[in-house]
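Shown next: my_file.pdb, containing PDB, C-alpha atoms and all ligand atoms.
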```pdb
ATOM      1  CA  MET A   1       2.107 -14.915  -9.497  1.00  0.00           C
ATOM      2  CA  LYS A   2       3.025 -13.902  -5.949  1.00  0.00           C
ATOM      3  CA  LEU A   3       3.823 -10.209  -5.811  1.00  0.00           C
ATOM      4  CA  VAL A   4       4.780  -7.615  -3.233  1.00  0.00           C
ATOM      5  CA  PHE A   5       4.575  -3.861  -3.891  1.00  0.00           C
ATOM      6  CA  LEU A   6       7.170  -1.983  -1.892  1.00  0.00           C
ATOM      7  CA  GLY A   7       7.530   1.794  -1.838  1.00  0.00           C
ATOM      8  CA  PRO A   8       6.813   4.797   0.374  1.00  0.00           C
ATOM      9  CA  PRO A   9       3.311   6.021   1.262  1.00  0.00           C
ATOM     10  CA  GLY A  10       1.949   8.018  -1.683  1.00  0.00           C
ATOM     11  CA  ALA A  11       4.046   6.198  -4.311  1.00  0.00           C
ATOM     12  CA  GLY A  12       0.841   5.097  -6.058  1.00  0.00           C
ATOM     13  CA  LYS A  13       1.024   1.445  -4.950  1.00  0.00           C
ATOM     14  CA  GLY A  14      -2.736   1.167  -4.397  1.00  0.00           C
ATOM     15  CA  THR A  15      -3.676   2.581  -7.814  1.00  0.00           C
ATOM     16  CA  GLN A  16      -1.108   0.450  -9.612  1.00  0.00           C
ATOM     17  CA  ALA A  17      -1.951  -2.664  -7.606  1.00  0.00           C
ATOM     18  CA  ALA A  18      -5.643  -2.435  -8.590  1.00  0.00           C
ATOM     19  CA  ARG A  19      -4.686  -2.282 -12.295  1.00  0.00           C
ATOM     20  CA  ILE A  20      -2.141  -5.116 -12.124  1.00  0.00           C
ATOM     21  CA  CYS A  21      -4.527  -7.361 -10.150  1.00  0.00           C
ATOM     22  CA  GLU A  22      -7.257  -6.880 -12.720  1.00  0.00           C
ATOM     23  CA  LYS A  23      -4.843  -7.792 -15.518  1.00  0.00           C
ATOM     24  CA  LEU A  24      -3.379 -10.838 -13.724  1.00  0.00           C
ATOM     25  CA  SER A  25      -6.592 -11.970 -11.963  1.00  0.00           C
ATOM     26  CA  ILE A  26      -5.013 -12.152  -8.531  1.00  0.00           C
ATOM     27  CA  PRO A  27      -6.400 -10.627  -5.309  1.00  0.00           C
ATOM     28  CA  HIS A  28      -5.229  -7.169  -4.223  1.00  0.00           C
ATOM     29  CA  ILE A  29      -4.413  -7.394  -0.534  1.00  0.00           C
ATOM     30  CA  SER A  30      -3.881  -3.974   1.022  1.00  0.00           C
ATOM     31  CA  THR A  31      -3.068  -4.261   4.720  1.00  0.00           C
ATOM     32  CA  GLY A  32      -3.860  -0.532   5.152  1.00  0.00           C
ATOM     33  CA  ASP A  33      -7.391  -1.101   3.738  1.00  0.00           C
ATOM     34  CA  MET A  34      -7.847  -4.192   5.930  1.00  0.00           C
ATOM     35  CA  LEU A  35      -6.820  -2.243   9.038  1.00  0.00           C
ATOM     36  CA  ARG A  36      -9.050   0.758   8.200  1.00  0.00           C
ATOM     37  CA  SER A  37     -11.992  -1.582   7.720  1.00  0.00           C
ATOM     38  CA  ALA A  38     -11.226  -3.380  11.024  1.00  0.00           C
ATOM     39  CA  ILE A  39     -11.030  -0.005  12.808  1.00  0.00           C
ATOM     40  CA  ALA A  40     -14.348   1.157  11.290  1.00  0.00           C
ATOM     41  CA  LYS A  41     -16.031  -2.078  12.418  1.00  0.00           C
ATOM     42  CA  GLY A  42     -14.418  -1.981  15.869  1.00  0.00           C
ATOM     43  CA  THR A  43     -13.077  -5.563  15.644  1.00  0.00           C
ATOM     44  CA  PRO A  44     -10.403  -6.739  18.155  1.00  0.00           C
ATOM     45  CA  THR A  45      -7.707  -6.191  15.451  1.00  0.00           C
ATOM     46  CA  GLY A  46      -9.141  -2.734  14.763  1.00  0.00           C
ATOM     47  CA  LEU A  47      -9.012  -1.809  18.447  1.00  0.00           C
ATOM     48  CA  LYS A  48      -5.347  -2.898  18.659  1.00  0.00           C
ATOM     49  CA  ALA A  49      -4.424  -1.031  15.457  1.00  0.00           C
ATOM     50  CA  LYS A  50      -6.317   2.286  15.824  1.00  0.00           C
ATOM     51  CA  ALA A  51      -3.780   4.410  17.708  1.00  0.00           C
ATOM     52  CA  PHE A  52      -0.848   3.214  15.560  1.00  0.00           C
ATOM     53  CA  VAL A  53      -2.638   3.899  12.267  1.00  0.00           C
ATOM     54  CA  GLU A  54      -3.827   7.333  13.359  1.00  0.00           C
ATOM     55  CA  SER A  55      -0.340   8.418  14.455  1.00  0.00           C
ATOM     56  CA  GLY A  56       1.333   7.071  11.300  1.00  0.00           C
ATOM     57  CA  GLY A  57       3.316   4.451  13.257  1.00  0.00           C
ATOM     58  CA  LEU A  58       3.480   0.751  12.446  1.00  0.00           C
ATOM     59  CA  VAL A  59       0.992  -1.700  13.939  1.00  0.00           C
ATOM     60  CA  PRO A  60       2.912  -4.460  15.814  1.00  0.00           C
ATOM     61  CA  ASP A  61       4.352  -7.190  13.591  1.00  0.00           C
ATOM     62  CA  GLU A  62       2.461 -10.042  15.278  1.00  0.00           C
ATOM     63  CA  VAL A  63      -0.928  -8.421  14.506  1.00  0.00           C
ATOM     64  CA  LEU A  64      -0.014  -7.978  10.837  1.00  0.00           C
ATOM     65  CA  VAL A  65       1.593 -11.379  10.367  1.00  0.00           C
ATOM     66  CA  GLU A  66      -1.486 -13.126  11.769  1.00  0.00           C
ATOM     67  CA  MET A  67      -3.847 -11.016   9.639  1.00  0.00           C
ATOM     68  CA  VAL A  68      -1.868 -11.753   6.443  1.00  0.00           C
ATOM     69  CA  ARG A  69      -1.433 -15.459   7.278  1.00  0.00           C
ATOM     70  CA  GLU A  70      -5.207 -15.790   7.587  1.00  0.00           C
ATOM     71  CA  ARG A  71      -5.900 -13.783   4.413  1.00  0.00           C
ATOM     72  CA  LEU A  72      -3.415 -15.790   2.306  1.00  0.00           C
ATOM     73  CA  SER A  73      -5.062 -19.052   3.383  1.00  0.00           C
ATOM     74  CA  ASN A  74      -8.277 -18.017   1.544  1.00  0.00           C
ATOM     75  CA  ALA A  75      -9.153 -19.903  -1.636  1.00  0.00           C
ATOM     76  CA  ASP A  76      -8.825 -16.791  -3.843  1.00  0.00           C
ATOM     77  CA  CYS A  77      -5.048 -16.785  -3.183  1.00  0.00           C
ATOM     78  CA  ALA A  78      -4.548 -20.246  -4.719  1.00  0.00           C
ATOM     79  CA  ASN A  79      -3.086 -18.700  -7.911  1.00  0.00           C
ATOM     80  CA  GLY A  80      -1.131 -15.965  -6.206  1.00  0.00           C
ATOM     81  CA  TYR A  81      -1.562 -12.583  -4.579  1.00  0.00           C
ATOM     82  CA  LEU A  82      -0.460  -8.981  -4.685  1.00  0.00           C
ATOM     83  CA  LEU A  83       0.452  -7.616  -1.272  1.00  0.00           C
ATOM     84  CA  ASP A  84       0.296  -3.811  -1.035  1.00  0.00           C
ATOM     85  CA  GLY A  85       1.697  -2.361   2.210  1.00  0.00           C
ATOM     86  CA  PHE A  86       3.032  -5.644   3.587  1.00  0.00           C
ATOM     87  CA  PRO A  87       5.763  -6.472   4.524  1.00  0.00           C
ATOM     88  CA  ARG A  88       6.901  -3.222   6.118  1.00  0.00           C
ATOM     89  CA  THR A  89       9.644  -4.578   8.401  1.00  0.00           C
ATOM     90  CA  VAL A  90      12.363  -7.199   7.996  1.00  0.00           C
ATOM     91  CA  HIS A  91      10.571  -9.331  10.605  1.00  0.00           C
ATOM     92  CA  GLN A  92       7.366  -9.280   8.490  1.00  0.00           C
ATOM     93  CA  ALA A  93       9.376 -10.166   5.339  1.00  0.00           C
ATOM     94  CA  GLU A  94      10.945 -13.148   7.116  1.00  0.00           C
ATOM     95  CA  ALA A  95       7.503 -14.294   8.274  1.00  0.00           C
ATOM     96  CA  LEU A  96       6.107 -13.963   4.732  1.00  0.00           C
ATOM     97  CA  ASN A  97       8.942 -16.141   3.405  1.00  0.00           C
ATOM     98  CA  VAL A  98       7.738 -18.878   5.751  1.00  0.00           C
ATOM     99  CA  ILE A  99       4.014 -18.413   4.959  1.00  0.00           C
ATOM    100  CA  CYS A 100       4.264 -18.118   1.149  1.00  0.00           C
ATOM    101  CA  ALA A 101       7.320 -16.348  -0.304  1.00  0.00           C
ATOM    102  CA  PRO A 102       6.822 -13.808  -3.125  1.00  0.00           C
ATOM    103  CA  ASP A 103       8.311 -14.473  -6.606  1.00  0.00           C
ATOM    104  CA  THR A 104       8.753 -10.791  -7.406  1.00  0.00           C
ATOM    105  CA  VAL A 105       8.955  -7.597  -5.363  1.00  0.00           C
ATOM    106  CA  ILE A 106       8.306  -4.327  -7.181  1.00  0.00           C
ATOM    107  CA  ASP A 107       9.812  -1.248  -5.543  1.00  0.00           C
ATOM    108  CA  VAL A 108       7.908   1.858  -6.699  1.00  0.00           C
ATOM    109  CA  GLU A 109      10.285   4.793  -6.187  1.00  0.00           C
ATOM    110  CA  VAL A 110       9.188   8.424  -5.701  1.00  0.00           C
ATOM    111  CA  ARG A 111      11.078  11.343  -4.089  1.00  0.00           C
ATOM    112  CA  ASP A 112       9.909  12.571  -0.648  1.00  0.00           C
ATOM    113  CA  GLU A 113       8.962  16.106  -1.761  1.00  0.00           C
ATOM    114  CA  LYS A 114       6.631  14.697  -4.431  1.00  0.00           C
ATOM    115  CA  LEU A 115       5.121  12.277  -1.888  1.00  0.00           C
ATOM    116  CA  LEU A 116       4.236  15.103   0.476  1.00  0.00           C
ATOM    117  CA  LYS A 117       2.301  16.927  -2.289  1.00  0.00           C
ATOM    118  CA  ARG A 118       0.542  13.756  -3.376  1.00  0.00           C
ATOM    119  CA  LEU A 119      -0.513  12.743   0.142  1.00  0.00           C
ATOM    120  CA  THR A 120      -1.734  16.137   1.379  1.00  0.00           C
ATOM    121  CA  GLY A 121      -3.935  16.441  -1.754  1.00  0.00           C
ATOM    122  CA  ARG A 122      -5.221  12.870  -1.685  1.00  0.00           C
ATOM    123  CA  ARG A 123      -8.951  12.167  -1.383  1.00  0.00           C
ATOM    124  CA  VAL A 124     -10.520   8.712  -1.042  1.00  0.00           C
ATOM    125  CA  CYS A 125     -14.039   7.583  -1.967  1.00  0.00           C
ATOM    126  CA  ARG A 126     -15.949   6.044   0.958  1.00  0.00           C
ATOM    127  CA  GLN A 127     -17.932   3.909  -1.472  1.00  0.00           C
ATOM    128  CA  CYS A 128     -15.553   2.546  -4.168  1.00  0.00           C
ATOM    129  CA  GLN A 129     -12.257   3.290  -2.318  1.00  0.00           C
ATOM    130  CA  ASN A 130     -10.738   4.886  -5.453  1.00  0.00           C
ATOM    131  CA  THR A 131      -8.215   7.624  -4.732  1.00  0.00           C
ATOM    132  CA  PHE A 132      -7.835  11.006  -6.442  1.00  0.00           C
ATOM    133  CA  HIS A 133      -5.653  14.089  -6.169  1.00  0.00           C
ATOM    134  CA  ILE A 134      -7.517  17.363  -5.602  1.00  0.00           C
ATOM    135  CA  SER A 135      -5.878  18.729  -8.788  1.00  0.00           C
ATOM    136  CA  GLN A 136      -7.900  16.127 -10.785  1.00  0.00           C
ATOM    137  CA  LEU A 137     -11.237  17.023  -9.149  1.00  0.00           C
ATOM    138  CA  GLU A 138     -13.823  19.660 -10.008  1.00  0.00           C
ATOM    139  CA  ASN A 139     -15.637  18.892  -6.747  1.00  0.00           C
ATOM    140  CA  ASP A 140     -13.468  17.558  -3.926  1.00  0.00           C
ATOM    141  CA  LYS A 141     -16.487  16.136  -2.039  1.00  0.00           C
ATOM    142  CA  VAL A 142     -17.960  13.805  -4.688  1.00  0.00           C
ATOM    143  CA  CYS A 143     -16.337  10.782  -6.342  1.00  0.00           C
ATOM    144  CA  PRO A 144     -16.229  11.300 -10.137  1.00  0.00           C
ATOM    145  CA  ASP A 145     -16.370   7.498 -10.652  1.00  0.00           C
ATOM    146  CA  CYS A 146     -19.354   6.453  -8.502  1.00  0.00           C
ATOM    147  CA  GLY A 147     -20.799   9.625  -6.896  1.00  0.00           C
ATOM    148  CA  GLY A 148     -19.781   8.446  -3.387  1.00  0.00           C
ATOM    149  CA  GLU A 149     -18.530  10.824  -0.699  1.00  0.00           C
ATOM    150  CA  LEU A 150     -14.826  11.754  -0.868  1.00  0.00           C
ATOM    151  CA  TYR A 151     -12.864  12.151   2.354  1.00  0.00           C
ATOM    152  CA  GLN A 152      -9.323  12.893   3.466  1.00  0.00           C
ATOM    153  CA  ARG A 153      -7.626  10.112   5.426  1.00  0.00           C
ATOM    154  CA  LYS A 154      -6.809  11.207   9.003  1.00  0.00           C
ATOM    155  CA  ASP A 155      -3.227  10.048   8.502  1.00  0.00           C
ATOM    156  CA  ASP A 156      -2.842  12.289   5.424  1.00  0.00           C
ATOM    157  CA  SER A 157      -2.315  15.374   7.634  1.00  0.00           C
ATOM    158  CA  PRO A 158       1.146  17.022   7.201  1.00  0.00           C
ATOM    159  CA  GLU A 159       2.443  16.009  10.702  1.00  0.00           C
ATOM    160  CA  THR A 160       1.353  12.396  10.349  1.00  0.00           C
ATOM    161  CA  ILE A 161       2.768  12.198   6.818  1.00  0.00           C
ATOM    162  CA  SER A 162       6.210  13.253   7.992  1.00  0.00           C
ATOM    163  CA  ASN A 163       6.064  10.520  10.661  1.00  0.00           C
ATOM    164  CA  ARG A 164       4.970   7.936   8.049  1.00  0.00           C
ATOM    165  CA  LEU A 165       7.863   8.922   5.765  1.00  0.00           C
ATOM    166  CA  SER A 166      10.437   8.681   8.528  1.00  0.00           C
ATOM    167  CA  VAL A 167       9.007   5.283   9.591  1.00  0.00           C
ATOM    168  CA  TYR A 168       9.261   4.196   5.947  1.00  0.00           C
ATOM    169  CA  HIS A 169      12.934   5.199   5.706  1.00  0.00           C
ATOM    170  CA  SER A 170      13.951   3.620   9.007  1.00  0.00           C
ATOM    171  CA  GLN A 171      11.842   0.428   9.020  1.00  0.00           C
ATOM    172  CA  THR A 172      10.690  -0.399   5.483  1.00  0.00           C
ATOM    173  CA  ALA A 173      13.484   0.831   3.171  1.00  0.00           C
ATOM    174  CA  PRO A 174      15.852  -1.874   4.568  1.00  0.00           C
ATOM    175  CA  LEU A 175      13.621  -4.354   2.693  1.00  0.00           C
ATOM    176  CA  ILE A 176      15.191  -3.099  -0.549  1.00  0.00           C
ATOM    177  CA  ASP A 177      18.476  -4.727   0.507  1.00  0.00           C
ATOM    178  CA  PHE A 178      16.637  -7.765   1.900  1.00  0.00           C
ATOM    179  CA  TYR A 179      14.891  -8.520  -1.413  1.00  0.00           C
ATOM    180  CA  THR A 180      17.942  -7.539  -3.510  1.00  0.00           C
ATOM    181  CA  ALA A 181      19.861 -10.221  -1.634  1.00  0.00           C
ATOM    182  CA  MET A 182      17.061 -12.702  -2.383  1.00  0.00           C
ATOM    183  CA  GLY A 183      17.253 -11.772  -6.098  1.00  0.00           C
ATOM    184  CA  THR A 184      13.540 -10.900  -6.325  1.00  0.00           C
ATOM    185  CA  LEU A 185      13.614  -7.067  -6.392  1.00  0.00           C
ATOM    186  CA  LYS A 186      12.704  -4.982  -9.448  1.00  0.00           C
ATOM    187  CA  THR A 187      12.682  -1.185  -9.282  1.00  0.00           C
ATOM    188  CA  VAL A 188      10.188   1.009 -11.154  1.00  0.00           C
ATOM    189  CA  ASP A 189      10.148   4.825 -11.387  1.00  0.00           C
ATOM    190  CA  GLY A 190       6.829   5.870  -9.814  1.00  0.00           C
ATOM    191  CA  ASP A 191       7.343   9.576 -10.593  1.00  0.00           C
ATOM    192  CA  ASP A 192       5.607   9.426 -13.977  1.00  0.00           C
ATOM    193  CA  GLU A 193       2.127   9.341 -15.548  1.00  0.00           C
ATOM    194  CA  PRO A 194       0.069   6.477 -14.006  1.00  0.00           C
ATOM    195  CA  ASP A 195      -0.273   4.701 -17.390  1.00  0.00           C
ATOM    196  CA  LYS A 196       3.489   4.784 -17.918  1.00  0.00           C
ATOM    197  CA  VAL A 197       4.101   3.401 -14.429  1.00  0.00           C
ATOM    198  CA  THR A 198       1.640   0.564 -15.152  1.00  0.00           C
ATOM    199  CA  SER A 199       3.500  -0.269 -18.388  1.00  0.00           C
ATOM    200  CA  ALA A 200       6.848  -0.204 -16.574  1.00  0.00           C
ATOM    201  CA  ILE A 201       5.509  -2.619 -13.928  1.00  0.00           C
ATOM    202  CA  LEU A 202       4.068  -5.007 -16.537  1.00  0.00           C
ATOM    203  CA  ASN A 203       7.371  -4.832 -18.379  1.00  0.00           C
ATOM    204  CA  ALA A 204       9.308  -5.644 -15.182  1.00  0.00           C
ATOM    205  CA  LEU A 205       6.972  -8.634 -14.679  1.00  0.00           C
ATOM    206  CA  GLY A 206       7.524  -9.805 -18.259  1.00  0.00           C
ATOM    207  CA  CYS A 207       3.774  -9.453 -19.046  1.00  0.00           C
TER     208      CYS A 207
HETATM  209  P1  LIG A 301      -1.318   2.308   4.083  1.00  0.00           P
HETATM  210  O1  LIG A 301      -2.754   2.388   3.671  1.00  0.00           O
HETATM  211  O2  LIG A 301      -0.585   1.150   3.439  1.00  0.00           O
HETATM  212  O3  LIG A 301      -0.582   3.619   3.938  1.00  0.00           O
HETATM  213  O4  LIG A 301      -1.321   1.966   5.661  1.00  0.00           O
HETATM  214  C1  LIG A 301      -1.912   2.859   6.592  1.00  0.00           C
HETATM  215  C2  LIG A 301      -1.413   2.546   7.984  1.00  0.00           C
HETATM  216  O5  LIG A 301      -1.762   1.202   8.350  1.00  0.00           O
HETATM  217  C3  LIG A 301       0.104   2.602   8.154  1.00  0.00           C
HETATM  218  O6  LIG A 301       0.572   3.937   8.371  1.00  0.00           O
HETATM  219  C4  LIG A 301       0.286   1.719   9.401  1.00  0.00           C
HETATM  220  O7  LIG A 301      -0.117   2.394  10.571  1.00  0.00           O
HETATM  221  C5  LIG A 301      -0.735   0.610   9.150  1.00  0.00           C
HETATM  222  N1  LIG A 301      -0.155  -0.530   8.393  1.00  0.00           N
HETATM  223  C6  LIG A 301      -0.483  -0.937   7.142  1.00  0.00           C
HETATM  224  N2  LIG A 301       0.254  -1.997   6.766  1.00  0.00           N
HETATM  225  C7  LIG A 301       1.099  -2.252   7.804  1.00  0.00           C
HETATM  226  C8  LIG A 301       2.136  -3.200   8.028  1.00  0.00           C
HETATM  227  N3  LIG A 301       2.489  -4.098   7.092  1.00  0.00           N
HETATM  228  N4  LIG A 301       2.783  -3.173   9.223  1.00  0.00           N
HETATM  229  C9  LIG A 301       2.442  -2.293  10.181  1.00  0.00           C
HETATM  230  N5  LIG A 301       1.493  -1.348  10.030  1.00  0.00           N
HETATM  231  C10 LIG A 301       0.817  -1.324   8.861  1.00  0.00           C
END
```
Let me see the file written as structure tokens.
Amino acid sequence: MKLVFLGPPGAGKGTQAARICEKLSIPHISTGDMLRSAIAKGTPTGLKAKAFVESGGLVPDEVLVEMVRERLSNADCANGYLLDGFPRTVHQAEALNVICAPDTVIDVEVRDEKLLKRLTGRRVCRQCQNTFHISQLENDKVCPDCGGELYQRKDDSPETISNRLSVYHSQTAPLIDFYTAMGTLKTVDGDDEPDKVTSAILNALGC
């Protein structure tokens, strides 16, 4: 199965993608995670991406298209993929159609005011990369799953979040019409308990 998860930052795409990938045995490809890792390692892609990621803007299309083209050519993508965070512009979606078009695009919908609360309270584990909301944590410094150190992403500050949301509405939301026209879009309400969202996604996929 070749899947794309669309939806604003904070919609829960990463959490849901990890669950769906485990169930379907396909790789979870998060372009945000790939860029953060490239930045941490100081690779040429990381150096190009750093300022864009930190300000909440989009990294140029050509950098992303090349990164995804290379990743999708790996052997683990032979039976499909789940792309989380890509495409984010119509140009990227057109490029993906040429590389390896998705069968289904899941749009995870959540209102902006809920997104702001989710993102400002988000903490990520440096070790296992799991994400939590501070309301779920007794100790906001230690990962309850693996004991790793929790941190707040730099781009989860209130100013950067509002930039990320406006970039989403202007550049990424047009993909809803793009994939509706292709007949591949399915919409899921992301403003619900995580287990219910997972069931709704599996239902939309006919699994
Ligand atoms: P995410 O983890 O998906 O929220 O992505 C974090 C940041 O990485 C975004 O705010 C962008 O700066 C950058 N990024 C991730 N995916 C893309 C993409 N497909 N196109 C451009 N920039 C991206």
Box in all listed atoms of ligand LIG 301 (chain A), axis-aligned, with 5 Å more on each side; write out centre and edge lengths in Å to one decimal as JSON.
```
{"center_x": 0.0, "center_y": -0.1, "center_z": 7.0, "size_x": 15.5, "size_y": 18.0, "size_z": 17.1}
```
Legend entry - Result set of the PyMOL selection byres (((chain A and resi 62) around 12) and not hetatm) on the coordinates above, as a VMD selection string: chain A and resid 45 48 to 49 58 to 61 63 to 69 87 89 91 to 92 95 to 96
With C-alpha atoms retained, write the just-selected residues as a CSV table (one decimal), in the coordinates of the input.
```csv
chain,number,residue,atom,x,y,z
A,45,THR,CA,-7.7,-6.2,15.5
A,48,LYS,CA,-5.3,-2.9,18.7
A,49,ALA,CA,-4.4,-1.0,15.5
A,58,LEU,CA,3.5,0.8,12.4
A,59,VAL,CA,1.0,-1.7,13.9
A,60,PRO,CA,2.9,-4.5,15.8
A,61,ASP,CA,4.4,-7.2,13.6
A,63,VAL,CA,-0.9,-8.4,14.5
A,64,LEU,CA,0.0,-8.0,10.8
A,65,VAL,CA,1.6,-11.4,10.4
A,66,GLU,CA,-1.5,-13.1,11.8
A,67,MET,CA,-3.8,-11.0,9.6
A,68,VAL,CA,-1.9,-11.8,6.4
A,69,ARG,CA,-1.4,-15.5,7.3
A,87,PRO,CA,5.8,-6.5,4.5
A,89,THR,CA,9.6,-4.6,8.4
A,91,HIS,CA,10.6,-9.3,10.6
A,92,GLN,CA,7.4,-9.3,8.5
A,95,ALA,CA,7.5,-14.3,8.3
A,96,LEU,CA,6.1,-14.0,4.7
```
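Evaluated against this file, the PyMOL selection byres (((chain A and resi 23) around 12) and not hetatm) yields Met1, Gln16, Ala17, Ala18, Arg19, Ile20, Cys21, Glu22, Leu24, Ser25, Ile26, Pro27, His28, Leu82, Thr198, Ser199, Ile201, Leu202, Leu205 and Cys207 of chain A.
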Next, the residues of the selection above should be written as a PDB file, in the frame of the given file with C-alpha atoms.
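File result-v5.pdb, as written:
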```
ATOM      1  CA  MET A   1       2.107 -14.915  -9.497  1.00  0.00           C
ATOM      2  CA  GLN A  16      -1.108   0.450  -9.612  1.00  0.00           C
ATOM      3  CA  ALA A  17      -1.951  -2.664  -7.606  1.00  0.00           C
ATOM      4  CA  ALA A  18      -5.643  -2.435  -8.590  1.00  0.00           C
ATOM      5  CA  ARG A  19      -4.686  -2.282 -12.295  1.00  0.00           C
ATOM      6  CA  ILE A  20      -2.141  -5.116 -12.124  1.00  0.00           C
ATOM      7  CA  CYS A  21      -4.527  -7.361 -10.150  1.00  0.00           C
ATOM      8  CA  GLU A  22      -7.257  -6.880 -12.720  1.00  0.00           C
ATOM      9  CA  LEU A  24      -3.379 -10.838 -13.724  1.00  0.00           C
ATOM     10  CA  SER A  25      -6.592 -11.970 -11.963  1.00  0.00           C
ATOM     11  CA  ILE A  26      -5.013 -12.152  -8.531  1.00  0.00           C
ATOM     12  CA  PRO A  27      -6.400 -10.627  -5.309  1.00  0.00           C
ATOM     13  CA  HIS A  28      -5.229  -7.169  -4.223  1.00  0.00           C
ATOM     14  CA  LEU A  82      -0.460  -8.981  -4.685  1.00  0.00           C
ATOM     15  CA  THR A 198       1.640   0.564 -15.152  1.00  0.00           C
ATOM     16  CA  SER A 199       3.500  -0.269 -18.388  1.00  0.00           C
ATOM     17  CA  ILE A 201       5.509  -2.619 -13.928  1.00  0.00           C
ATOM     18  CA  LEU A 202       4.068  -5.007 -16.537  1.00  0.00           C
ATOM     19  CA  LEU A 205       6.972  -8.634 -14.679  1.00  0.00           C
ATOM     20  CA  CYS A 207       3.774  -9.453 -19.046  1.00  0.00           C
TER      21      CYS A 207
END
```
Legend entry - Length of the atom CA of A:Cys77 to atom N3 of ligand LIG 301 (chain A) vector [Å]: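 Atom N3 of ligand LIG 301 (chain A) lies 18.0 Å from atom CA of A:Cys77.
One finds atom CA of A:Leu35 at 8.0 Å from atom C7 of ligand LIG 301 (chain A).
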Inset, instruction - Please identify every polymer residue within 6 Å of ligand LIG 301 (chain A), using only C-alpha atoms and all ligand atoms, and present the set as a list of chain:residue names. - result: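 So, counting only C-alpha atoms and all ligand atoms, the residues near ligand LIG 301 (chain A) are A:Pro9, A:Thr31, A:Gly32, A:Asp33, A:Phe52, A:Val53, A:Gly56, A:Gly57, A:Leu58, A:Val59, A:Leu64, A:Gly85, A:Phe86, A:Pro87, A:Arg88, A:Arg164.
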Inset, instruction - Translate the PyMOL selection byres (((chain A and resi 192) around 12) and not hetatm), as applied to the file shown, into an explicit residue set as a PyMOL selection string. - result: chain A and resi 11-12+108-111+114+188-191+193-200
Legend entry - Cut-off 9 Å around (-10.0, 15.3, -2.9) with all atoms listed in the file: residues as JSON, numbers by chain: {"A": [121, 122, 123, 124, 125, 131, 132, 133, 134, 135, 136, 137, 139, 140, 141, 142, 143, 150, 151, 152]}
